[in-house]
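What follows is final_38.txt (compact mmCIF, C-alpha atoms and all ligand atoms).
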```txt
# COMPACT_ATOMS: atom_id res chain seq x y z
CA MET E 1 0.00 0.00 0.00
CA SER E 2 1.11 3.59 -0.37
CA GLY E 3 3.29 5.04 2.38
CA LYS E 4 2.81 8.39 4.09
CA THR E 5 1.96 11.21 1.73
CA ALA E 6 2.49 14.94 1.98
CA GLY E 7 -1.26 15.53 1.72
CA GLY E 8 -2.04 14.22 5.23
CA PRO E 9 -4.65 11.70 6.41
CA ALA E 10 -7.40 12.79 3.98
CA THR E 11 -5.10 12.29 0.99
CA GLU E 12 -3.89 8.97 2.39
CA ALA E 13 -7.47 7.77 2.85
CA LYS E 14 -8.32 8.84 -0.69
CA GLU E 15 -5.25 7.06 -2.07
CA LEU E 16 -6.10 3.92 -0.10
CA HIS E 17 -9.67 4.04 -1.38
CA ASP E 18 -8.47 4.40 -4.98
CA GLU E 19 -5.92 1.62 -4.55
CA VAL E 20 -8.54 -0.77 -3.19
CA VAL E 21 -10.84 0.13 -6.11
CA ARG E 22 -8.00 -0.78 -8.51
CA THR E 23 -7.32 -3.99 -6.59
CA ASN E 24 -11.01 -4.97 -6.78
CA ARG E 25 -11.03 -4.28 -10.51
CA ASP E 26 -7.87 -6.28 -11.18
CA PHE E 27 -8.85 -9.12 -8.85
CA TYR E 28 -12.26 -9.68 -10.43
CA ASP E 29 -10.91 -9.24 -13.94
CA ARG E 30 -8.26 -11.90 -13.28
CA ASN E 31 -10.52 -14.27 -11.33
CA PRO E 32 -13.94 -14.31 -13.00
CA GLU E 33 -14.67 -17.73 -11.50
CA VAL E 34 -14.72 -16.29 -7.95
CA LEU E 35 -18.10 -14.65 -8.51
CA ALA E 36 -19.42 -17.47 -10.67
CA VAL E 37 -18.73 -19.86 -7.75
CA PHE E 38 -20.08 -17.36 -5.17
CA ASN E 39 -23.31 -16.95 -7.11
CA GLU E 40 -23.75 -20.69 -7.60
CA ALA E 41 -23.04 -21.41 -3.93
CA SER E 42 -25.58 -18.75 -2.97
CA ASP E 43 -28.21 -20.71 -4.84
CA ASN E 44 -27.12 -24.08 -3.42
CA ARG E 45 -27.07 -22.83 0.18
CA GLY E 46 -30.49 -21.32 0.01
CA PHE E 47 -29.19 -17.73 0.19
CA ASP E 48 -31.01 -16.92 -3.02
CA ALA E 49 -34.36 -17.73 -1.42
CA TYR E 50 -33.51 -15.36 1.43
CA LEU E 51 -32.32 -12.76 -1.07
CA ARG E 52 -35.57 -12.97 -3.05
CA GLY E 53 -37.56 -12.57 0.16
CA THR E 54 -35.56 -9.51 1.20
CA LEU E 55 -35.77 -7.93 -2.25
CA ALA E 56 -39.54 -8.52 -2.20
CA LEU E 57 -39.66 -6.63 1.11
CA CYS E 58 -37.67 -3.72 -0.36
CA LEU E 59 -39.91 -3.62 -3.44
CA ARG E 60 -43.03 -3.56 -1.26
CA ARG E 61 -41.58 -0.67 0.70
CA ILE E 62 -41.11 1.49 -2.36
CA ALA E 63 -44.34 0.41 -4.04
CA SER E 64 -46.63 2.81 -2.16
CA ALA E 65 -44.58 5.83 -3.23
CA GLN E 66 -44.77 4.90 -6.92
CA LYS E 67 -46.48 6.98 -9.55
CA ARG E 68 -44.13 5.72 -12.27
CA PRO E 69 -42.09 2.56 -12.87
CA PRO E 70 -39.55 2.18 -10.04
CA ARG E 71 -35.91 3.00 -10.76
CA ILE E 72 -33.43 0.56 -9.25
CA LEU E 73 -29.63 0.65 -9.15
CA ASP E 74 -27.55 -2.40 -8.19
CA VAL E 75 -24.14 -1.12 -7.06
CA GLY E 76 -21.22 -3.54 -7.29
CA THR E 77 -23.42 -5.72 -9.44
CA GLY E 78 -20.58 -8.12 -10.26
CA GLN E 79 -21.83 -10.54 -12.90
CA GLY E 80 -25.42 -9.47 -12.26
CA HIS E 81 -26.36 -11.77 -9.36
CA LEU E 82 -29.24 -9.48 -8.28
CA LEU E 83 -30.20 -8.28 -11.75
CA GLY E 84 -31.98 -11.49 -12.70
CA PHE E 85 -34.08 -11.44 -9.51
CA LEU E 86 -34.89 -7.76 -9.90
CA ALA E 87 -35.87 -8.08 -13.55
CA GLU E 88 -38.12 -11.02 -12.69
CA MET E 89 -39.66 -9.55 -9.52
CA ALA E 90 -40.11 -6.00 -10.80
CA PRO E 91 -40.72 -6.45 -14.54
CA ASP E 92 -41.92 -2.87 -14.95
CA ALA E 93 -38.85 -1.40 -13.20
CA GLU E 94 -35.98 0.42 -14.84
CA VAL E 95 -33.01 -1.58 -13.54
CA ALA E 96 -29.36 -0.52 -13.87
CA GLY E 97 -26.09 -2.00 -12.63
CA LEU E 98 -22.68 -0.52 -11.85
CA ASP E 99 -19.30 -2.11 -11.18
CA VAL E 100 -15.61 -1.20 -11.23
CA SER E 101 -14.56 -4.38 -13.02
CA PRO E 102 -14.77 -4.32 -16.84
CA GLY E 103 -14.71 -8.15 -16.82
CA ASN E 104 -17.73 -8.33 -14.51
CA ILE E 105 -19.60 -5.69 -16.50
CA ALA E 106 -18.92 -7.60 -19.74
CA ARG E 107 -20.29 -10.81 -18.20
CA ALA E 108 -23.32 -9.06 -16.77
CA ARG E 109 -23.96 -7.46 -20.19
CA SER E 110 -23.88 -10.81 -21.92
CA ARG E 111 -26.36 -12.24 -19.37
CA PHE E 112 -28.65 -9.20 -19.29
CA PRO E 113 -28.41 -7.40 -22.64
CA ASN E 114 -31.42 -5.22 -21.85
CA VAL E 115 -30.11 -3.85 -18.55
CA ARG E 116 -28.14 -0.57 -18.51
CA LEU E 117 -24.70 -1.47 -17.14
CA GLU E 118 -22.09 1.12 -16.27
CA LEU E 119 -18.43 0.88 -15.41
CA GLY E 120 -17.05 2.96 -12.53
CA ASP E 121 -16.45 3.53 -8.84
CA PHE E 122 -19.75 4.41 -7.19
CA VAL E 123 -18.06 6.81 -4.75
CA ARG E 124 -15.89 8.79 -7.18
CA ASP E 125 -17.31 8.34 -10.67
CA PHE E 126 -21.04 7.82 -10.49
CA GLU E 127 -23.22 10.80 -11.27
CA PRO E 128 -26.91 9.87 -11.31
CA GLU E 129 -29.28 11.07 -13.96
CA GLY E 130 -32.30 11.62 -11.76
CA THR E 131 -32.95 9.69 -8.58
CA TYR E 132 -33.47 6.03 -7.70
CA ASP E 133 -36.18 4.42 -5.60
CA LEU E 134 -34.09 1.43 -4.56
CA ILE E 135 -30.32 1.04 -4.36
CA THR E 136 -28.97 -2.42 -3.62
CA ALA E 137 -25.40 -3.31 -2.66
CA TYR E 138 -25.05 -7.02 -1.91
CA SER E 139 -21.65 -8.03 -0.55
CA VAL E 140 -20.15 -4.69 -1.62
CA LEU E 141 -19.84 -2.15 1.21
CA HIS E 142 -16.98 -4.04 2.87
CA HIS E 143 -15.00 -3.64 -0.38
CA VAL E 144 -15.10 0.12 -0.07
CA VAL E 145 -12.59 2.00 2.07
CA ASP E 146 -14.51 5.27 1.87
CA TRP E 147 -17.75 3.69 3.10
CA PRO E 148 -19.05 7.01 4.53
CA GLY E 149 -18.56 8.46 1.01
CA PHE E 150 -20.47 5.46 -0.36
CA LEU E 151 -23.40 6.10 2.01
CA ASP E 152 -23.36 9.84 1.20
CA LYS E 153 -23.48 9.07 -2.51
CA ALA E 154 -26.38 6.64 -1.95
CA ALA E 155 -28.24 9.33 0.00
CA ARG E 156 -27.72 11.75 -2.90
CA CYS E 157 -28.91 9.22 -5.47
CA LEU E 158 -32.10 8.15 -3.66
CA ALA E 159 -35.49 9.77 -4.00
CA PRO E 160 -37.20 10.73 -0.71
CA GLY E 161 -38.72 7.56 0.73
CA GLY E 162 -36.30 5.48 -1.33
CA VAL E 163 -34.66 2.38 0.12
CA LEU E 164 -30.99 1.50 0.45
CA TYR E 165 -30.44 -2.24 0.91
CA LEU E 166 -27.02 -3.35 2.15
CA ASP E 167 -26.30 -6.99 2.84
CA HIS E 168 -23.78 -9.79 3.14
CA ASP E 169 -21.08 -7.70 4.78
CA PRO E 170 -18.84 -8.90 7.58
CA LEU E 171 -19.94 -6.84 10.55
CA LYS E 172 -18.03 -5.88 13.66
CA GLY E 173 -18.85 -8.25 16.47
CA LEU E 174 -19.43 -11.19 14.16
CA PRO E 175 -16.59 -13.67 13.71
CA THR E 176 -14.83 -11.51 11.13
CA ASN E 177 -11.46 -12.94 12.11
CA LEU E 178 -12.69 -16.33 11.00
CA TYR E 179 -13.81 -14.79 7.72
CA ALA E 180 -10.36 -13.21 7.27
CA ARG E 181 -8.62 -16.48 8.12
CA LEU E 182 -10.68 -18.40 5.58
CA TRP E 183 -9.91 -15.78 2.95
CA ARG E 184 -6.17 -16.05 3.68
CA LEU E 185 -6.20 -19.84 3.52
CA LYS E 186 -8.12 -19.83 0.26
CA HIS E 187 -5.81 -17.35 -1.44
CA ARG E 188 -2.54 -18.32 0.23
CA GLY E 189 0.49 -16.97 -1.65
CA ASP E 190 -1.52 -14.61 -3.83
CA ALA E 191 -0.27 -11.09 -3.12
CA GLN E 192 -3.19 -9.44 -4.84
CA ALA E 193 -5.72 -11.45 -2.88
CA ALA E 194 -3.85 -10.55 0.29
CA ARG E 195 -4.32 -6.89 -0.54
CA MET E 196 -7.98 -7.63 -1.08
CA GLU E 197 -8.08 -8.25 2.66
CA TYR E 198 -8.66 -4.54 2.80
CA HIS E 199 -12.01 -5.47 1.43
CA ALA E 200 -12.93 -6.65 4.90
CA LEU E 201 -11.95 -3.20 6.13
CA LEU E 202 -8.78 -4.36 7.78
CA MET E 203 -10.59 -7.29 9.35
CA GLY E 204 -12.52 -5.07 11.72
CA GLY E 205 -15.77 -5.53 9.86
CA LEU E 206 -18.33 -2.82 9.35
CA ASP E 207 -19.79 -1.18 12.38
CA HIS E 208 -23.59 -1.13 12.61
CA LYS E 209 -23.52 1.75 15.01
CA ALA E 210 -21.21 3.83 12.83
CA ILE E 211 -23.43 3.17 9.80
CA ARG E 212 -26.49 4.16 11.79
CA ARG E 213 -24.77 7.31 13.08
CA HIS E 214 -23.58 8.26 9.62
CA LEU E 215 -27.01 7.89 8.05
CA GLY E 216 -28.96 9.16 11.05
CA GLY E 217 -31.28 12.07 10.30
CA ARG E 218 -31.29 11.27 6.61
CA PHE E 219 -32.48 7.68 6.86
CA GLU E 220 -34.59 5.57 9.12
CA VAL E 221 -32.09 2.77 9.52
CA GLU E 222 -33.24 -0.73 10.23
CA ILE E 223 -30.78 -3.47 10.86
CA CYS E 224 -33.02 -6.33 9.84
CA PHE E 225 -30.83 -9.36 9.85
CA PRO E 226 -27.43 -10.19 11.28
CA THR E 227 -25.57 -8.99 8.23
CA SER E 228 -27.95 -6.68 6.48
CA ALA E 229 -29.07 -3.12 6.79
CA CYS E 230 -32.20 -1.93 5.08
CA CYS E 231 -32.37 1.85 5.19
CA ARG E 232 -35.23 3.99 4.09
CA ARG E 233 -34.48 7.59 3.24
CA SER E 234 -36.49 9.91 5.45
CA ILE E 235 -39.28 11.72 3.70
CA ASN E 236 -38.76 15.39 4.51
C1 LIG Z 301 -18.26 -9.75 -3.66
S1 LIG Z 301 -18.63 -8.94 -5.16
C2 LIG Z 301 -20.43 -8.95 -5.13
C3 LIG Z 301 -21.01 -8.89 -6.52
C4 LIG Z 301 -22.54 -9.02 -6.60
N1 LIG Z 301 -23.22 -7.99 -5.85
C5 LIG Z 301 -23.00 -10.40 -6.22
O1 LIG Z 301 -23.84 -10.52 -5.28
O2 LIG Z 301 -22.52 -11.37 -6.82
C6 LIG Z 301 -18.24 -7.23 -4.92
C7 LIG Z 301 -18.36 -6.41 -6.18
O3 LIG Z 301 -18.25 -5.02 -5.86
C8 LIG Z 301 -17.52 -4.37 -6.88
N2 LIG Z 301 -17.00 -3.11 -6.32
C9 LIG Z 301 -16.04 -2.97 -5.36
N3 LIG Z 301 -15.86 -1.68 -5.06
C10 LIG Z 301 -16.71 -0.97 -5.85
C11 LIG Z 301 -16.98 0.42 -6.00
N4 LIG Z 301 -16.31 1.33 -5.31
N5 LIG Z 301 -17.92 0.81 -6.92
C12 LIG Z 301 -18.59 -0.12 -7.66
N6 LIG Z 301 -18.37 -1.47 -7.54
C13 LIG Z 301 -17.45 -1.89 -6.65
C14 LIG Z 301 -16.45 -5.41 -7.23
O4 LIG Z 301 -15.85 -5.17 -8.49
C15 LIG Z 301 -17.28 -6.70 -7.21
O5 LIG Z 301 -17.86 -6.98 -8.45
```
Go through the file and emit its structure as structure tokens.
Ligand SMILES: C[S@@+](CC[C@H](N)C(=O)[O-])C[C@H]1O[C@@H](n2cnc3c(N)ncnc32)[C@H](O)[C@@H]1O
Amino acid sequence: MSGKTAGGPATEAKELHDEVVRTNRDFYDRNPEVLAVFNEASDNRGFDAYLRGTLALCLRRIASAQKRPPRILDVGTGQGHLLGFLAEMAPDAEVAGLDVSPGNIARARSRFPNVRLELGDFVRDFEPEGTYDLITAYSVLHHVVDWPGFLDKAARCLAPGGVLYLDHDPLKGLPTNLYARLWRLKHRGDAQAARMEYHALLMGGLDHKAIRRHLGGRFEVEICFPTSACCRRSIN
């Protein structure tokens, strides 16, 4: 990782964020099978049934506010794991996906040719055209060093009453060390994968309370399940 810089802690944090974005991009471009296996395992372990149920809940929450087809953005869409569910469960919705990995975006495009798919870092690059009713980020927030910037961007992109759904993140207080150990064992000897350990936010996991504090006032935050946060933007 980069050493001390003349710009101070803010510059260092920005550089670390950018470096982890590059590492994500390179890692997923080099290892496309990682997500293919993750997505398949999700189905086999019954996670997909849970995911469908939770997405149905999110869609119900935004339904009452709708006077037009809902607009949905899947951030860190990978190879489009959530896009298939969303397209099927909300056929009238305008669904879009975003990811930093060109390889993942290419795969998602080939699976979902009718979905708008964009390449870029949600925190630094993404400028919304209009607002979204639902933003989903499944197994993504713990890949992002500037997670407060991520939440701020989500708040900016959501319509009042819109829902932010975050899930499948290692959270502080859960056995994140075990998660980190498994990751290390699986990718032993791979320097790039080792750097991806930053994706677990230096093994500390994400902090519910910090997320709640950061969003407080702008969102009614519900921590629904052990690893998920479903946040509805306050209507003001
Ligand atoms: C563990 S994968 C999850 C992919 C997908 N959501 C799924 O459920 O299969 C994390 C994804 O987040 C993407 N990602 C990481 N940081 C990102 C950022 N700052 N902006 C957009 N995508 C990002 C990675 O490239 C990767 O595809």
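Take the candidates E:Ile135, E:Val144, E:Ala56, E:Val95 and check each one against ligand LIG 301 (chain Z) using all atoms listed in the file; the shortest distance goes to E:Val144.
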9 Å shell around ligand LIG 301 (chain Z) using only C-alpha atoms and all ligand atoms, listed as a PyMOL selection string: chain E and resi 17-18+20-29+34-36+38-39+42+74-82+98-105+119-126+136-147+150+168+199
Expressed in Å, the length from CA of Glu118 in chain E to CA of Leu73 in chain E is 10.4 Å
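Atom to atom, CA of Pro170 in chain E and CA of Gly97 in chain E stand 22.6 Å apart.
Candidate residues E:Ala155, E:Ala90, E:Val163, E:Leu55 were compared for distance to Leu215 in chain E, and the nearest is E:Ala155, using only C-alpha atoms.
Across the structure, CA of Ala108 in chain E and CA of Leu59 in chain E are spaced 22.0 Å apart.
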